[in-house]
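Asks: Contents of start.txt (compact mmCIF, C-alpha atoms) are below:
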# COMPACT_ATOMS: atom_id res chain seq x y z
CA MET A 28 318.84 59.38 24.97
CA SER A 29 315.27 59.87 26.22
CA SER A 30 314.14 63.40 26.87
CA ARG A 31 311.72 62.33 29.60
CA THR A 32 312.76 63.51 33.06
CA PRO A 33 312.54 61.18 36.07
CA SER A 34 309.96 63.40 37.76
CA ALA A 35 307.57 63.49 34.80
CA PRO A 36 304.70 61.09 35.40
CA SER A 37 303.79 58.69 32.64
CA GLY A 38 300.29 58.59 31.16
CA ARG A 39 299.70 55.30 32.94
CA ALA A 40 300.81 56.82 36.26
CA VAL A 41 298.38 59.69 35.87
CA ALA A 42 295.60 57.29 34.93
CA ARG A 43 296.23 55.29 38.09
CA HIS A 44 295.12 58.23 40.21
CA GLY A 45 292.41 59.97 38.23
CA TRP A 46 288.83 60.81 39.14
CA ILE A 47 287.67 57.20 39.46
CA GLN A 48 290.48 56.42 41.89
CA ALA A 49 289.75 59.63 43.82
CA LEU A 50 286.10 58.62 44.11
CA GLY A 51 287.17 55.21 45.38
CA THR A 52 289.40 56.86 48.00
CA VAL A 53 286.62 59.09 49.30
CA LEU A 54 284.03 56.31 49.31
CA ALA A 55 286.37 53.90 51.07
CA GLY A 56 287.05 56.44 53.81
CA LEU A 57 283.37 57.30 54.29
CA VAL A 58 282.26 53.66 54.32
CA ALA A 59 284.93 52.72 56.86
CA MET A 60 284.02 55.63 59.12
CA GLY A 61 280.32 54.97 58.75
CA VAL A 62 280.65 51.29 59.62
CA VAL A 63 282.74 51.99 62.73
CA ALA A 64 280.39 54.77 63.84
CA ALA A 65 277.28 52.63 63.23
CA LEU A 66 278.66 49.65 65.13
CA GLY A 67 279.75 51.83 68.04
CA LEU A 68 276.42 53.62 68.24
CA TRP A 69 274.57 50.31 67.94
CA ALA A 70 276.58 48.90 70.84
CA ALA A 71 275.70 52.04 72.81
CA GLY A 72 271.98 51.48 72.18
CA ALA A 73 271.41 54.25 69.65
CA ALA A 74 269.66 51.88 67.25
CA ASP A 75 266.55 52.23 69.44
CA LEU A 76 266.25 55.99 68.89
CA PRO A 77 262.78 57.08 67.73
CA ASP A 78 261.75 58.40 64.32
CA ASN A 79 264.37 56.32 62.47
CA ALA A 80 267.01 58.73 63.69
CA PHE A 81 269.85 56.21 63.71
CA PRO A 82 271.21 56.96 60.19
CA ARG A 83 271.21 60.70 60.90
CA VAL A 84 273.03 60.16 64.20
CA VAL A 85 275.62 58.07 62.33
CA ALA A 86 276.03 60.91 59.82
CA ALA A 87 276.45 63.39 62.68
CA THR A 88 279.11 61.16 64.26
CA VAL A 89 281.08 61.04 61.01
CA VAL A 90 280.76 64.82 60.69
CA THR A 91 282.18 65.40 64.16
CA ALA A 92 284.93 62.83 63.53
CA VAL A 93 286.41 65.02 60.78
CA GLY A 94 286.16 68.21 62.79
CA GLY A 95 282.67 69.25 61.70
CA ALA A 96 280.57 71.46 63.94
CA LEU A 97 277.23 70.33 65.37
CA GLU A 98 274.78 72.84 66.83
CA LEU A 99 272.44 71.61 69.57
CA SER A 100 269.10 73.34 69.90
CA GLY A 101 266.13 73.08 72.22
CA ASP A 102 262.53 74.22 72.20
CA ALA A 103 260.20 74.05 75.17
CA GLY A 104 257.60 76.67 74.31
CA GLY A 105 257.10 80.07 75.88
CA PHE A 106 257.11 78.82 79.48
CA ALA A 107 260.41 76.97 79.44
CA ASP A 108 264.03 77.37 78.47
CA THR A 109 266.55 74.82 77.26
CA ASP A 110 270.27 75.08 76.82
CA ALA A 111 272.56 72.43 75.36
CA GLY A 112 276.03 72.08 73.93
CA LEU A 113 278.38 69.28 72.87
CA ALA A 114 282.00 69.25 71.76
CA VAL A 115 283.77 65.89 71.40
CA LEU A 116 285.64 64.04 68.68
CA PRO A 117 284.92 60.29 68.33
CA LEU A 118 288.56 59.53 67.61
CA SER A 119 288.06 55.85 66.78
CA VAL A 120 286.02 56.97 63.78
CA THR A 121 288.55 59.71 63.00
CA LEU A 122 291.51 57.34 63.10
CA THR A 123 289.76 54.74 60.93
CA GLY A 124 288.99 57.30 58.24
CA ALA A 125 292.50 58.74 58.34
CA LEU A 126 294.15 55.33 57.93
CA VAL A 127 291.88 54.25 55.06
CA ILE A 128 292.14 57.54 53.14
CA ALA A 129 295.90 57.72 53.64
CA ARG A 130 296.31 54.16 52.37
CA CYS A 131 294.22 54.81 49.27
CA PHE A 132 295.98 58.13 48.63
CA LEU A 133 299.43 56.53 48.73
CA ARG A 134 298.61 53.39 46.77
CA PRO A 135 299.01 54.87 43.24
CA LEU A 136 302.27 56.54 44.31
CA ARG A 137 304.08 53.37 45.32
CA HIS A 138 307.44 52.49 43.81
CA ARG A 139 308.11 56.09 42.79
CA ALA A 140 311.27 57.81 44.00
CA VAL A 141 310.18 61.34 43.07
CA ALA A 142 306.88 62.94 42.09
CA GLY A 143 306.32 66.43 40.80
CA ALA A 144 304.57 68.96 43.00
CA GLY A 145 301.93 69.48 40.30
CA GLU A 146 301.19 65.78 40.11
CA LEU A 147 300.77 65.46 43.88
CA ALA A 148 298.64 68.60 44.02
CA GLY A 149 296.41 67.34 41.19
CA TRP A 150 295.89 63.97 42.85
CA ALA A 151 295.12 65.58 46.21
CA GLY A 152 292.88 68.15 44.52
CA ARG A 153 290.68 65.47 42.93
CA ILE A 154 290.19 63.84 46.31
CA ALA A 155 289.47 67.22 47.92
CA VAL A 156 286.76 68.12 45.40
CA LEU A 157 284.91 64.84 45.94
CA TRP A 158 285.47 65.06 49.69
CA LEU A 159 283.88 68.52 49.66
CA LEU A 160 280.77 67.13 47.99
CA ALA A 161 280.63 64.30 50.51
CA LEU A 162 280.93 66.77 53.40
CA LEU A 163 278.03 68.78 52.06
CA GLY A 164 275.89 65.66 51.79
CA LEU A 165 276.73 64.59 55.34
CA ALA A 166 276.17 68.09 56.70
CA PHE A 167 272.64 68.29 55.32
CA ALA A 168 271.84 64.72 56.41
CA ALA A 169 273.02 65.19 60.01
CA ARG A 170 270.01 66.89 61.60
CA GLN A 171 267.35 65.51 63.93
CA THR A 172 264.95 66.55 66.72
CA PHE A 173 263.95 64.47 69.74
CA GLU A 174 261.27 64.91 72.37
CA VAL A 175 262.54 65.04 75.97
CA SER A 176 260.56 63.43 78.76
CA LEU A 177 260.09 65.58 81.87
CA GLY A 178 260.18 62.52 84.09
CA GLU A 179 258.20 62.56 87.31
CA GLY A 180 257.68 65.23 89.94
CA VAL A 181 257.21 68.99 89.86
CA LEU A 182 258.57 69.50 86.32
CA ASP A 183 256.18 66.91 84.93
CA ASP A 184 253.23 68.56 86.71
CA LEU A 185 254.24 71.98 85.37
CA GLY A 186 254.65 70.55 81.90
CA ASP A 187 251.15 69.07 81.96
CA LEU A 188 249.71 72.32 83.31
CA PHE A 189 251.23 74.59 80.69
CA GLY A 190 251.39 72.13 77.81
CA VAL A 191 255.20 72.10 77.71
CA GLU A 192 256.66 69.47 75.37
CA PRO A 193 260.41 70.12 75.31
CA THR A 194 262.51 68.97 72.39
CA VAL A 195 266.22 68.90 71.75
CA GLY A 196 267.89 68.43 68.40
CA PHE A 197 271.05 68.87 66.42
CA THR A 198 271.94 70.45 63.12
CA THR A 199 275.24 70.93 61.33
CA ASP A 200 277.02 74.22 60.89
CA VAL A 201 277.68 73.71 57.18
CA PRO A 202 280.39 76.37 56.58
CA LEU A 203 282.43 75.30 59.61
CA THR A 204 281.98 71.62 58.74
CA VAL A 205 283.29 72.22 55.22
CA LEU A 206 286.21 74.31 56.49
CA PHE A 207 287.36 71.93 59.21
CA GLY A 208 286.61 68.86 57.12
CA LEU A 209 288.87 70.10 54.33
CA LEU A 210 291.59 71.02 56.83
CA TRP A 211 291.31 67.53 58.31
CA LEU A 212 291.71 65.97 54.86
CA ALA A 213 294.72 68.17 54.09
CA GLY A 214 296.34 67.13 57.36
CA VAL A 215 295.76 63.44 56.62
CA LEU A 216 297.26 63.66 53.12
CA VAL A 217 300.30 65.68 54.20
CA LEU A 218 300.96 63.38 57.14
CA ALA A 219 300.61 60.34 54.88
CA LEU A 220 303.34 61.71 52.59
CA LEU A 221 305.57 62.48 55.54
CA VAL A 222 305.15 59.15 57.30
CA SER A 223 305.30 56.68 54.43
CA ARG A 224 308.85 55.65 53.61
CA GLY A 225 307.92 54.67 50.08
CA ALA A 226 305.87 57.75 49.18
CA PRO A 227 307.50 60.12 46.68
CA LEU A 228 308.16 63.74 47.54
CA PRO A 229 308.94 66.63 45.19
CA GLY A 230 312.64 66.71 44.35
CA ARG A 231 313.07 70.14 45.94
CA LEU A 232 312.19 68.90 49.43
CA PRO A 233 315.08 66.57 50.36
CA ARG A 234 315.28 67.81 53.96
CA LEU A 235 311.85 66.39 54.69
CA ARG A 236 313.20 62.91 54.06
CA THR A 237 316.09 63.24 56.48
CA SER A 238 314.58 65.31 59.31
CA VAL A 239 310.79 65.42 59.31
CA ARG A 240 309.90 61.98 57.95
CA PRO A 241 311.65 59.85 60.64
CA ALA A 242 310.16 61.93 63.45
CA ALA A 243 306.67 61.88 61.91
CA TYR A 244 306.84 58.11 61.48
CA ALA A 245 307.98 57.64 65.09
CA MET A 246 305.09 59.72 66.45
CA VAL A 247 302.45 57.97 64.37
CA ALA A 248 303.90 54.63 65.48
CA LEU A 249 303.74 55.82 69.11
CA LEU A 250 300.08 56.86 68.86
CA LEU A 251 299.12 53.62 67.11
CA ALA A 252 301.01 51.59 69.73
CA TYR A 253 298.92 53.21 72.45
CA VAL A 254 295.76 52.37 70.52
CA VAL A 255 296.86 48.73 70.16
CA VAL A 256 297.53 48.52 73.90
CA GLY A 257 294.10 50.05 74.48
CA VAL A 258 292.45 47.44 72.25
CA VAL A 259 294.09 44.63 74.21
CA VAL A 260 292.99 46.14 77.52
CA ALA A 261 289.45 46.68 76.22
CA LEU A 262 289.14 43.08 75.04
CA VAL A 263 290.38 41.80 78.40
CA VAL A 264 287.87 44.01 80.21
CA ALA A 265 285.04 42.89 77.91
CA GLY A 266 285.89 39.24 78.57
CA THR A 267 286.40 39.42 82.33
CA ARG A 268 284.21 42.17 83.78
CA GLY A 269 280.98 41.88 81.83
CA HIS A 270 279.07 44.65 80.02
CA PRO A 271 280.72 43.83 76.66
CA ALA A 272 278.35 46.10 74.73
CA ASP A 273 279.45 49.16 76.71
CA THR A 274 283.10 48.22 76.28
CA PHE A 275 282.76 47.77 72.53
CA ALA A 276 280.89 51.07 72.25
CA VAL A 277 283.86 52.83 73.83
CA LEU A 278 286.30 50.85 71.68
CA LEU A 279 284.51 51.72 68.44
CA LEU A 280 283.82 55.37 69.23
CA GLY A 281 286.42 56.72 71.62
CA LEU A 282 289.31 54.34 72.24
CA PRO A 283 292.01 56.79 71.05
CA ASN A 284 290.43 59.43 73.32
CA LEU A 285 291.32 57.22 76.28
CA ALA A 286 294.57 55.82 74.90
CA TRP A 287 296.07 59.23 74.13
CA LEU A 288 294.77 60.59 77.43
CA ALA A 289 296.79 57.78 79.04
CA LEU A 290 299.84 58.89 77.06
CA THR A 291 299.71 62.43 78.40
CA ILE A 292 298.98 61.31 81.96
CA GLY A 293 301.88 58.86 81.77
CA LEU A 294 304.15 61.78 80.93
CA GLY A 295 303.02 63.48 84.13
CA ALA A 296 300.53 65.90 82.56
CA SER A 297 297.35 66.96 84.34
CA TRP A 298 293.81 67.39 83.06
CA GLU A 299 290.98 69.33 84.64
CA GLY A 300 287.40 68.19 84.56
CA ARG A 301 284.06 67.72 86.23
CA VAL A 302 281.11 65.38 85.84
CA GLU A 303 277.72 66.49 87.11
CA GLY A 304 274.21 65.20 86.65
CA PRO A 305 273.16 62.28 84.43
CA PHE A 306 276.16 62.60 82.15
CA GLY A 307 279.00 60.15 82.40
CA LEU A 308 282.33 59.83 80.68
CA PRO A 309 282.94 56.61 78.68
CA VAL A 310 285.95 55.87 80.87
CA PRO A 311 287.03 53.43 83.58
CA HIS A 312 285.00 53.88 86.74
CA VAL A 313 287.90 55.35 88.72
CA LEU A 314 288.18 58.28 86.29
CA ASP A 315 284.50 59.05 86.78
CA GLU A 316 285.02 58.93 90.55
CA VAL A 317 287.90 61.40 90.38
CA LEU A 318 285.90 63.84 88.26
CA ARG A 319 282.48 63.55 89.93
CA THR A 320 283.10 66.12 92.69
CA PRO A 321 281.45 69.43 93.66
CA ASP A 322 284.35 71.42 92.26
CA VAL A 323 286.68 71.15 89.29
CA SER A 324 288.95 68.12 89.77
CA THR A 325 292.50 67.41 88.68
CA LEU A 326 293.17 64.21 86.79
CA ASN A 327 296.79 63.01 86.89
CA LEU A 328 298.90 60.11 88.07
CA ARG A 329 298.71 61.14 91.72
CA THR A 330 294.93 61.52 91.91
CA LEU A 331 294.38 58.26 90.02
CA ALA A 332 296.87 56.36 92.16
CA GLU A 333 295.04 57.50 95.29
CA HIS A 334 292.15 55.31 94.13
CA ASP A 335 294.18 52.47 92.62
CA GLY A 336 297.97 52.17 92.76
CA ARG A 337 298.06 50.24 89.49
CA TRP A 338 297.68 53.52 87.59
CA TRP A 339 301.40 54.13 88.17
CA TRP A 340 301.92 51.59 85.38
CA LEU A 341 301.02 54.40 82.97
CA LEU A 342 304.42 55.89 83.79
CA VAL A 343 306.17 52.63 82.96
CA VAL A 344 304.25 52.21 79.70
CA ALA A 345 305.09 55.77 78.68
CA ALA A 346 308.80 55.26 79.37
CA VAL A 347 308.96 52.00 77.39
CA LEU A 348 306.98 53.19 74.37
CA LEU A 349 308.73 56.57 74.19
CA LEU A 350 312.12 54.88 74.31
CA ALA A 351 310.97 52.59 71.50
CA ALA A 352 309.80 55.63 69.50
CA GLY A 353 313.16 57.33 70.04
CA SER A 354 314.92 54.22 68.78
CA VAL A 355 312.66 54.05 65.70
CA LEU A 356 313.44 57.68 64.93
CA ALA A 357 317.17 56.96 65.14
CA PHE A 358 316.93 53.82 63.01
CA ARG A 359 315.22 55.78 60.23
CA SER A 360 317.51 58.82 60.36
CA PRO A 361 320.76 59.33 58.40
CA ASP A 362 323.87 57.63 59.78
CA ARG A 363 325.85 60.73 60.61
CA MET A 364 323.21 62.55 62.63
CA PRO A 365 324.55 63.12 66.19
CA ALA A 366 322.67 61.92 69.25
CA TRP A 367 321.82 65.44 70.40
CA SER A 368 320.13 66.11 67.05
CA HIS A 369 318.01 62.98 67.48
CA ALA A 370 317.05 64.27 70.92
CA VAL A 371 315.97 67.66 69.54
CA HIS A 372 313.92 66.09 66.74
CA MET A 373 312.25 63.73 69.21
CA ALA A 374 311.49 66.55 71.64
CA VAL A 375 309.90 68.79 69.00
CA ALA A 376 307.91 65.93 67.49
CA LEU A 377 306.63 64.73 70.87
CA ALA A 378 305.70 68.25 71.94
CA LEU A 379 303.67 68.74 68.77
CA THR A 380 302.04 65.33 69.25
CA VAL A 381 301.03 66.11 72.83
CA LEU A 382 299.74 69.51 71.72
CA MET A 383 297.60 67.82 69.07
CA THR A 384 296.25 65.15 71.43
CA GLY A 385 295.42 67.80 74.00
CA LEU A 386 293.45 69.83 71.47
CA VAL A 387 291.50 66.93 69.96
CA GLY A 388 290.97 65.11 73.27
CA ARG A 389 288.90 67.85 74.96
CA ILE A 390 285.35 66.94 75.94
CA SER A 391 282.53 69.32 76.80
CA ALA A 392 278.79 68.73 77.14
CA HIS A 393 275.95 70.40 78.97
CA TYR A 394 272.18 70.31 78.99
CA GLY A 395 269.67 72.24 81.07
CA LEU A 396 265.89 72.57 81.21
CA SER A 397 263.80 74.91 83.32
CA VAL A 398 260.04 75.55 83.46
CA LEU A 399 258.99 78.99 84.74
CA GLY A 400 262.53 79.41 85.97
CA ILE A 401 262.45 76.15 87.94
CA GLY A 402 265.21 73.86 86.77
CA ASP A 403 265.76 70.12 87.18
CA LEU A 404 264.40 69.71 90.75
CA GLY A 405 266.02 66.32 91.06
CA GLY A 406 264.62 65.08 87.79
CA GLY A 407 268.05 64.36 86.34
CA LEU A 408 267.39 66.59 83.35
CA SER A 409 270.35 68.94 83.76
CA GLY A 410 274.03 68.29 83.87
CA GLN A 411 277.43 69.06 82.51
CA LEU A 412 280.75 67.42 81.93
CA PHE A 413 284.06 68.67 80.65
CA LEU A 414 287.63 67.46 80.44
CA ARG A 415 290.49 69.68 79.29
CA PRO A 416 294.29 69.50 79.60
CA ARG A 417 296.69 71.86 81.25
CA LEU A 418 298.12 72.14 77.80
CA TRP A 419 301.34 74.11 78.10
CA SER A 420 302.64 72.20 81.10
CA ALA A 421 301.94 69.00 79.15
CA VAL A 422 303.89 70.34 76.16
CA GLY A 423 306.79 71.26 78.44
CA LEU A 424 306.87 67.77 79.91
CA ALA A 425 306.80 66.33 76.40
CA LEU A 426 309.87 68.38 75.47
CA LEU A 427 311.78 66.99 78.45
CA TRP A 428 310.70 63.41 77.79
CA GLY A 429 311.56 63.81 74.12
CA LEU A 430 315.06 65.06 74.81
CA VAL A 431 315.83 62.15 77.14
CA THR A 432 314.24 59.34 75.13
CA GLY A 433 315.52 60.74 71.83
CA PHE A 434 319.09 60.77 73.13
CA LEU A 435 318.79 57.29 74.66
CA GLY A 436 317.12 55.98 71.50
CA ALA A 437 320.07 57.23 69.44
CA LEU A 438 322.49 55.42 71.75
CA ILE A 439 320.44 52.21 71.49
CA ALA A 440 320.41 52.43 67.69
CA ARG A 441 324.14 53.04 67.60
CA ARG A 442 324.81 50.14 69.97
CA ALA A 443 322.58 47.87 67.88
CA GLY A 444 324.69 48.63 64.83
CA ARG A 445 321.71 49.63 62.75
CA ARG A 446 322.23 52.23 60.06
CA GLY A 447 319.77 54.83 58.84
CA ASP A 448 318.79 55.80 55.34
CA ARG A 449 321.97 56.40 53.36
CA ALA A 450 320.06 57.32 50.24
CA PRO A 451 317.28 59.61 51.30
CA ALA A 452 316.17 60.19 47.70
CA GLY A 453 314.69 56.72 47.63
CA SER A 454 313.05 56.81 51.01
For the structure just supplied, provide its representation as structure tokens.
Replies:
Amino acid sequence: MSSRTPSAPSGRAVARHGWIQALGTVLAGLVAMGVVAALGLWAAGAADLPDNAFPRVVAATVVTAVGGALELSGDAGGFADTDAGLAVLPLSVTLTGALVIARCFLRPLRHRAVAGAGELAGWAGRIAVLWLLALLGLAFAARQTFEVSLGEGVLDDLGDLFGVEPTVGFTTDVPLTVLFGLLWLAGVLVLALLVSRGAPLPGRLPRLRTSVRPAAYAMVALLLAYVVVGVVVALVVAGTRGHPADTFAVLLLGLPNLAWLALTIGLGASWEGRVEGPFGLPVPHVLDEVLRTPDVSTLNLRTLAEHDGRWWWLLVVAAVLLLAAGSVLAFRSPDRMPAWSHAVHMAVALALTVLMTGLVGRISAHYGLSVLGIGDLGGGLSGQLFLRPRLWSAVGLALLWGLVTGFLGALIARRAGRRGDRAPAGS
């Protein structure tokens, strides 16, 4: 009889996810994110930025995609003041990196029923060390300064008189970038283990296979389904309404921002926002119309439908996709789990998903310039935009939707005669 335990990894298994494989995982994720960011910025016209700034802007986009912190700065000499700020996640880049890194992380663990906690921690640790070095490189590369034209009019005359040459630039907050970048990586790896049916888990965590894993898989499938629907809509818009470059810029930089916004609005949630000045949101025109008002505006199904009744279809899409997610959760759960338990799992999972999308989907930007206390003067040099959810009401609505669709999904699965995972140890 062999003395080797089932959870002990073989030498070949360890070799399959050593330092070379960890380096490949990190490089694959960075290359994928960099390509998506570069293509999106190129479609948005950023390739024409002066001083060969395009690579540094790409690096800054990747940094923000993993939660890194950019600091905007301005300098206009002793006679002028500038103020700027930006907070947005390019979620297309984020999602691309997460999918690639998760795939590479799970690949050496395929066809394993159980893996030891030490083995998983060692494999994740190798990736984390190399990811840390990559974050540091990106953080120091993502910095640039641009000159700002004063345009025409009074500001331009004052600038010529006092020799004002305003600049605005960005740098990376290195400590915060490292902190949030490592937290992002940890979240991706943990979620990959929870979602993948074939990924091994430590033998002491059987409950994760029967309770957390089906719900996590259903939520990831729901978010990806919204992104797929968004891709189809974007391609139709690009082919029928012109301006394909603008459409592809949105698709490659912020499609999940819009798709997951549509998810929350379809649930009945409300967002608050405002657009002022030269800024504009990379969104359908009707959303910009709703938000470009003198005061803070409310963005929800009612306000959108006042401009175009077709926005009520977001409610229908939400109902269909949530019911499908509830059914997927039931199909992947153990046979004997009652319908009310499915409903509770669905409600908790959906509430956490909406909470996450609300936190990562916030947008905030502002820029202002004044010379001798005189600001903008119609020159279009100042503005602000922001978009934030009414988070706790959205989470409450998600709980209600989750209870209903989780219960109905369990009934659909039972009626379909499908059976869940009888042997969770192999899931």
Asks: Counting all atoms listed in the file, which of A:Ala425, A:Leu206, A:Ser223, A:Leu350 gets nearest to A:Ile439?
Replies: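 Residue with the minimum atom-to-atom distance to A:Ile439: A:Leu350.
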Asks: Which of these residues is nearest to A:Gly149, using all atoms listed in the file: A:Val127, A:Ala166, A:Val63, A:Ala49?
Replies: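 Ranked by minimum distance to A:Gly149, first place goes to A:Ala49.
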Asks: Go through A:Ala169, A:Ala245, A:Leu331, A:Ala352 and flag the residue nearest A:Thr432, using all atoms listed in the file for the distances.
Replies: A:Ala352
Asks: Which is closest to A:Ala248 among A:Leu430, A:Ala92, A:Val222, A:Ala59, if we use all atoms listed in the file?
Replies: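 Among the listed residues, the smallest separation from A:Ala248 belongs to A:Val222.
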Asks: Pick from A:Val344, A:Phe275, A:Ser297, A:Gly429: nearest to A:Ala252, with all atoms listed in the file counted?
Replies: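 So, comparing all the options, the nearest one is A:Val344.
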Asks: Provide the atom CA of A:Trp339 to atom CA of A:Met246 distance in Å, to one decimal place.
Replies: 22.7 Å
Asks: Could you work out how far atom CA of A:Ala286 lies from atom CA of A:Gly94, giving the answer in Å with one decimal?
Replies: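 Going from atom CA of A:Gly94 over to atom CA of A:Ala286, I get 19.3 Å.
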Asks: Identify which of the residues A:Ala370, A:Leu278, A:Leu116, A:Leu249 lies closest to A:Ser391, counting all atoms listed in the file when measuring atom-to-atom distances.
Replies: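 Answer, going by the shortest atom-to-atom distance: A:Leu116.
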Asks: For atom CA of A:Leu147 and atom CA of A:Gly124, determine how far apart the two atoms are, in Å to one decimal place.
Replies: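 So the answer is 20.3 Å.
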Asks: Please tabulate, as a Markdown table, the residues of stretch 253-353 of chain A that come within 12 Å of stretch 85-89 of chain A, each with its closest pair of atoms and the distance in Å to one decimal, counting only C-alpha atoms and ordering rows by chain, then residue number upward.
Replies:
| residue | atom | partner | partner_atom | distance |
| --- | --- | --- | --- | --- |
| A:Leu279 | CA | A:Thr88 | CA | 11.7 |
| A:Leu280 | CA | A:Thr88 | CA | 9.0 |
| A:Gly281 | CA | A:Thr88 | CA | 11.3 |
Asks: Extract, using all atoms listed in the file, all DNA, RNA and protein residues at most 12 Å from A:Tyr253, discarding same-chain residues fewer than 3 positions from it, and format them as number ranges by chain.
Replies: A: 246-250, 256-260, 282-291, 293, 341, 344-345, 347-349, 352
Asks: Go ahead and dump the residues you just picked, C-alpha atoms, as a PDB file, in the frame of the given file.
Replies:
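again19.pdb was written with the following content:
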ATOM      1  CA  MET A 246     305.090  59.720  66.450  1.00  0.00           C
ATOM      2  CA  VAL A 247     302.450  57.970  64.370  1.00  0.00           C
ATOM      3  CA  ALA A 248     303.900  54.630  65.480  1.00  0.00           C
ATOM      4  CA  LEU A 249     303.740  55.820  69.110  1.00  0.00           C
ATOM      5  CA  LEU A 250     300.080  56.860  68.860  1.00  0.00           C
ATOM      6  CA  VAL A 256     297.530  48.520  73.900  1.00  0.00           C
ATOM      7  CA  GLY A 257     294.100  50.050  74.480  1.00  0.00           C
ATOM      8  CA  VAL A 258     292.450  47.440  72.250  1.00  0.00           C
ATOM      9  CA  VAL A 259     294.090  44.630  74.210  1.00  0.00           C
ATOM     10  CA  VAL A 260     292.990  46.140  77.520  1.00  0.00           C
ATOM     11  CA  LEU A 282     289.310  54.340  72.240  1.00  0.00           C
ATOM     12  CA  PRO A 283     292.010  56.790  71.050  1.00  0.00           C
ATOM     13  CA  ASN A 284     290.430  59.430  73.320  1.00  0.00           C
ATOM     14  CA  LEU A 285     291.320  57.220  76.280  1.00  0.00           C
ATOM     15  CA  ALA A 286     294.570  55.820  74.900  1.00  0.00           C
ATOM     16  CA  TRP A 287     296.070  59.230  74.130  1.00  0.00           C
ATOM     17  CA  LEU A 288     294.770  60.590  77.430  1.00  0.00           C
ATOM     18  CA  ALA A 289     296.790  57.780  79.040  1.00  0.00           C
ATOM     19  CA  LEU A 290     299.840  58.890  77.060  1.00  0.00           C
ATOM     20  CA  THR A 291     299.710  62.430  78.400  1.00  0.00           C
ATOM     21  CA  GLY A 293     301.880  58.860  81.770  1.00  0.00           C
ATOM     22  CA  LEU A 341     301.020  54.400  82.970  1.00  0.00           C
ATOM     23  CA  VAL A 344     304.250  52.210  79.700  1.00  0.00           C
ATOM     24  CA  ALA A 345     305.090  55.770  78.680  1.00  0.00           C
ATOM     25  CA  VAL A 347     308.960  52.000  77.390  1.00  0.00           C
ATOM     26  CA  LEU A 348     306.980  53.190  74.370  1.00  0.00           C
ATOM     27  CA  LEU A 349     308.730  56.570  74.190  1.00  0.00           C
ATOM     28  CA  ALA A 352     309.800  55.630  69.500  1.00  0.00           C
TER      29      ALA A 352
END
